[in-house]
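Okay, structure first, notes after.
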Amino acid sequence: MGTWSRLKHAIGAAATDPSRVEAALAQAAETQPPPVVWLLGATQAGKTSIIRALTGNTAVEIGNGFRPCTRRSDLYAFPSEAPVLSFLDTRGLGEVAYDPAEDIALCESRAHVLLVVVRVTETRPRAVLEALRGIRKRHPEWPVIIVQTCLHAAYPDDDAHPLPYPFASPDWPQRVPDALRRLLLAQREAFAGLPGAGDIAWVPVDFTLPEDGFEPEHYGAEALWDAIEQAMFLDLRTRVMADPTVADVFARAAHPKVMGYSLAGGVVGGVPVADLVLVPSVQAGMLYALAETYGMSWTRRNTREFFGALGTGFVVTYGGRALGRSLVKLIPVWGQTAGVAWGVLASGAITFGLGKAACYYLARKRDGRAVPAETLREVYREALREGRAVLQAQMTARTAGPGR
C-alpha cells in the first residue's frame with residue numbers, strides 16, 4: 001500500500017468508524033476522569049453564568065450541553081467530546097418538594113472541588129447553609145469556595161465595578177460601595193461557624209451579558225480561577241483557555257479540544273499494546289473535531305498537503321526512530337508498528353503538537369491563504385515543546401492529588 005493509500009485508509013477509517021474514537025476516549029476518561037467542579041446553590045444564583053465565564057461558551061451552548069447524572073443533577077463536560085473539565089450542577093436548593101439528599105450524596109462521590117454559589121442579596125440562604133454544614137461534617141478537610149454573585153444588584157444607580165478588582169486585598173471593605181460592603185459582610189457572617197478545618201475561600205464575582213453594560217463582563221473571573229486552582233493543585237486555565245494573545249475566535253474554541261484530546265492521548269498512550277490502536281484513534285478524532293470547529297473538512301487534497309508539509313516535523317519528533325522508510329510510518333495518527341510503545345508524555349505531547357499544527361493549517365486554508373511548509377513545521381515543533389511542558393506539569397500536579 002502506497003503512502004497516499006495508507007493516509008486515505010486511515011482518515012477514512014476514522015470517518016466511518018467513530019466507535020473506535022469513542023472507545024479510545026471512553027477508556028481515557030475511565031482511567032483518568034477530568035476534574036469535576038461541583039456547583040451548589042439556589043435557583044438563579046448564577047451557576048450557569050459561572051460555567052459560561054470559565055469556559056467561554058455561550059448560555060445556549062451550555063444549556064444544550066448538560067446531561068443528567070441523576071433525576072435532578074446534571075453534568076456539563078467541556079469540551080463534550082474530550083473533556084478537560086466537568087461541572088456538576090445540583091438542582092436549586094430550597095425548591096418546594098425537593099429533597100437534595102440523594103443528589104448531594106452522588107455529587108460528593110464525584111466532585112473534586114465544591115463551589116457554593118450565592119447571590120450577594122441573599123443574606124440568609126438557609127437551604128444552602130444546611131446542605132453545606134452537612135457536607136463539611138462528612139468531609140471536614142474539603143476546601144470550599146463560596147462565590148458571591150450578582151454584585152451589581154447592590155451598586156448605586158449607574159455605578160460601575162470597583163476597579164481594579166479589590167477583593168484580593170484585606171482593605172477591600174474601604175474600596176467598595178457601602179451597600180455592597182454591608183451585604184458581603186452580612187453574608188460572610190451568616191456562613192461563620194461552619195464545621196470542618198478545610199480552607200474556605202470567598203470570591204465575589206459579577207458575570208454579566210454585553211447588554212447589561214458592565215465592564216468587564218466577567219468581573220472576578222481571574223480570582224475565581226485562582227481559588228479553584230489553589231484548591232485542586234491543577235493549572236486548569238491552561239487546559240481551558242488559549243494564550244490570551246490569541247485573538248482568533250476559532251483558535252480559542254479549538255484550544256480546549258486540542259488539550260482534551262492530548263490528555264486522552266497521553267492516558268491511552270501509557271497502555272502497552274492497546275496504545276497502538278487507541279492513540280491513533282484519539283488523534284484522528286481530534287483532527288475531525290478541529291476541522292468541524294473551523295468549518296472545514298479533510299479531503300484527499302488537503303490531507304496530503306498537510307501531512308506532506310509536516311513530514312520533517314514528525315521526523316524530528318521521533319528522533320530518527322527506525323520505523324521504515326515510508327513517511328506514513330513516522331506519523332502516529334496513520335500507523336504505528338508492533339512493539340512501539342508510547343508513554344503518556346510522548347503520546348500526549350505529540351497529539352498536542354499535531355493539533356496546534358492542524359489549527360494553523362485549517363485557519364489559513366479557511367481564509368484562502370497559502371500554508372508555508374517551514375512555518376507549519378515550526379508551529380508543530382514549538383507546540384510539541386509546549387505540549388510536553390504542559391503535560392509534564394499536569395502529571396506532576398496529579399501526583400499531588402486534588403485538594404479534597
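If you're wondering about the labels, chains in the C-alpha cells are A, B, ... by order shown, residues count from 1 in each chain, ligands from 1 in order shown.
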Strand (DSSP E or B) positions in region 109-323 of chain A, given as a PyMOL selection string: chain A and resi 113-119+144-149+200-204+206-207+218-219
Do a neighbour search on region 158-163 of chain A at 12 Å with only C-alpha atoms, toss out local chain neighbours closer than 4 positions, and write the hits as an MDAnalysis selection string. chainID A and resid 150:154 167:168 172:178 180:181 204:208 212:220
Quick one: residues within 12 Å of Asp243 (chain A), only C-alpha atoms, excluding same-chain residues fewer than 2 positions away - as an MDAnalysis selection string? chainID A and resid 237:241 245:249 251:256 386
Any chance you could tabulate, as JSON lines, the residues of region 125-185 of chain A at most 12 Å from region 227-233 of chain A with each one's nearest atom pair and distance in Å to one decimal, using only C-alpha atoms, in chain and rising number order?
{"residue": "A:Glu141", "atom": "CA", "partner": "A:Ala231", "partner_atom": "CA", "distance": 11.4}
{"residue": "A:Trp142", "atom": "CA", "partner": "A:Ala231", "partner_atom": "CA", "distance": 8.9}
{"residue": "A:Pro143", "atom": "CA", "partner": "A:Ala231", "partner_atom": "CA", "distance": 6.4}
{"residue": "A:Val144", "atom": "CA", "partner": "A:Ala231", "partner_atom": "CA", "distance": 8.1}
{"residue": "A:Ile145", "atom": "CA", "partner": "A:Ala227", "partner_atom": "CA", "distance": 7.1}
{"residue": "A:Ile146", "atom": "CA", "partner": "A:Ala227", "partner_atom": "CA", "distance": 9.8}
{"residue": "A:Val147", "atom": "CA", "partner": "A:Ala227", "partner_atom": "CA", "distance": 10.0}
{"residue": "A:Ala168", "atom": "CA", "partner": "A:Ala227", "partner_atom": "CA", "distance": 10.7}
Could you please take those selected residues and save N, CA and C atoms as a PDB file, in the first residue's frame?
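Result file follows (result15.pdb):
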ATOM      1  N   GLU A 141     -12.231  18.045  55.851  1.00  0.00           N
ATOM      2  CA  GLU A 141     -10.971  18.507  55.257  1.00  0.00           C
ATOM      3  C   GLU A 141     -11.170  19.186  53.910  1.00  0.00           C
ATOM      4  N   TRP A 142     -12.356  19.092  53.326  1.00  0.00           N
ATOM      5  CA  TRP A 142     -12.570  19.656  51.993  1.00  0.00           C
ATOM      6  C   TRP A 142     -12.421  21.182  52.002  1.00  0.00           C
ATOM      7  N   PRO A 143     -11.690  21.729  51.034  1.00  0.00           N
ATOM      8  CA  PRO A 143     -11.741  23.179  50.843  1.00  0.00           C
ATOM      9  C   PRO A 143     -13.059  23.554  50.177  1.00  0.00           C
ATOM     10  N   VAL A 144     -13.563  24.712  50.494  1.00  0.00           N
ATOM     11  CA  VAL A 144     -14.820  25.199  49.926  1.00  0.00           C
ATOM     12  C   VAL A 144     -14.603  26.600  49.370  1.00  0.00           C
ATOM     13  N   ILE A 145     -15.123  26.829  48.181  1.00  0.00           N
ATOM     14  CA  ILE A 145     -15.076  28.153  47.579  1.00  0.00           C
ATOM     15  C   ILE A 145     -16.494  28.707  47.572  1.00  0.00           C
ATOM     16  N   ILE A 146     -16.707  29.811  48.266  1.00  0.00           N
ATOM     17  CA  ILE A 146     -18.028  30.443  48.298  1.00  0.00           C
ATOM     18  C   ILE A 146     -17.993  31.623  47.338  1.00  0.00           C
ATOM     19  N   VAL A 147     -18.794  31.528  46.281  1.00  0.00           N
ATOM     20  CA  VAL A 147     -18.807  32.530  45.224  1.00  0.00           C
ATOM     21  C   VAL A 147     -20.005  33.446  45.441  1.00  0.00           C
ATOM     22  N   ALA A 168      -9.077  40.897  46.563  1.00  0.00           N
ATOM     23  CA  ALA A 168      -7.903  40.128  46.959  1.00  0.00           C
ATOM     24  C   ALA A 168      -7.089  40.860  48.022  1.00  0.00           C
TER      25      ALA A 168
END
Would you please extract all helix (DSSP H, G or I) residues from region 95-279 of chain A, as assigned by DSSP on the backbone, and give them as a PyMOL selection string? chain A and resi 101-110+126-138+151-154+172-175+178-190+210-212+221-232+236-240+249-269+275-279
For Met296 (chain A), the nearest of the candidates A:Gly311, A:Gln148, A:Gln283, A:Arg364, counting only C-alpha atoms: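 Nearest candidate to Met296 (chain A) out of A:Gly311, A:Gln148, A:Gln283, A:Arg364: A:Arg364.
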CA of Ala197 (chain A) and CA of Gly46 (chain A), how far apart in Å?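 Atom-to-atom, CA of Gly46 (chain A) and CA of Ala197 (chain A) are spaced 26.9 Å apart.
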When you count only C-alpha atoms, which of these residues is closest to Gly134 (chain A): A:Gln187, A:Leu85, A:Val36, A:Gly196? A:Gly196
If we count only C-alpha atoms and set the cut-off at 7 Å, which residues sit around region 71-83 of chain A, ignoring sequence neighbours fewer than 4 positions away in its own chain? Please answer as a ChimeraX atom specification. /A:25,34,65-67,87-91,103,256-257,260-261
Near-Ala42 (chain A) list (10 Å; only C-alpha atoms; drop same-chain fewer than 6 positions) as a PyMOL selection string: chain A and resi 90-95+116-119+122+125-128
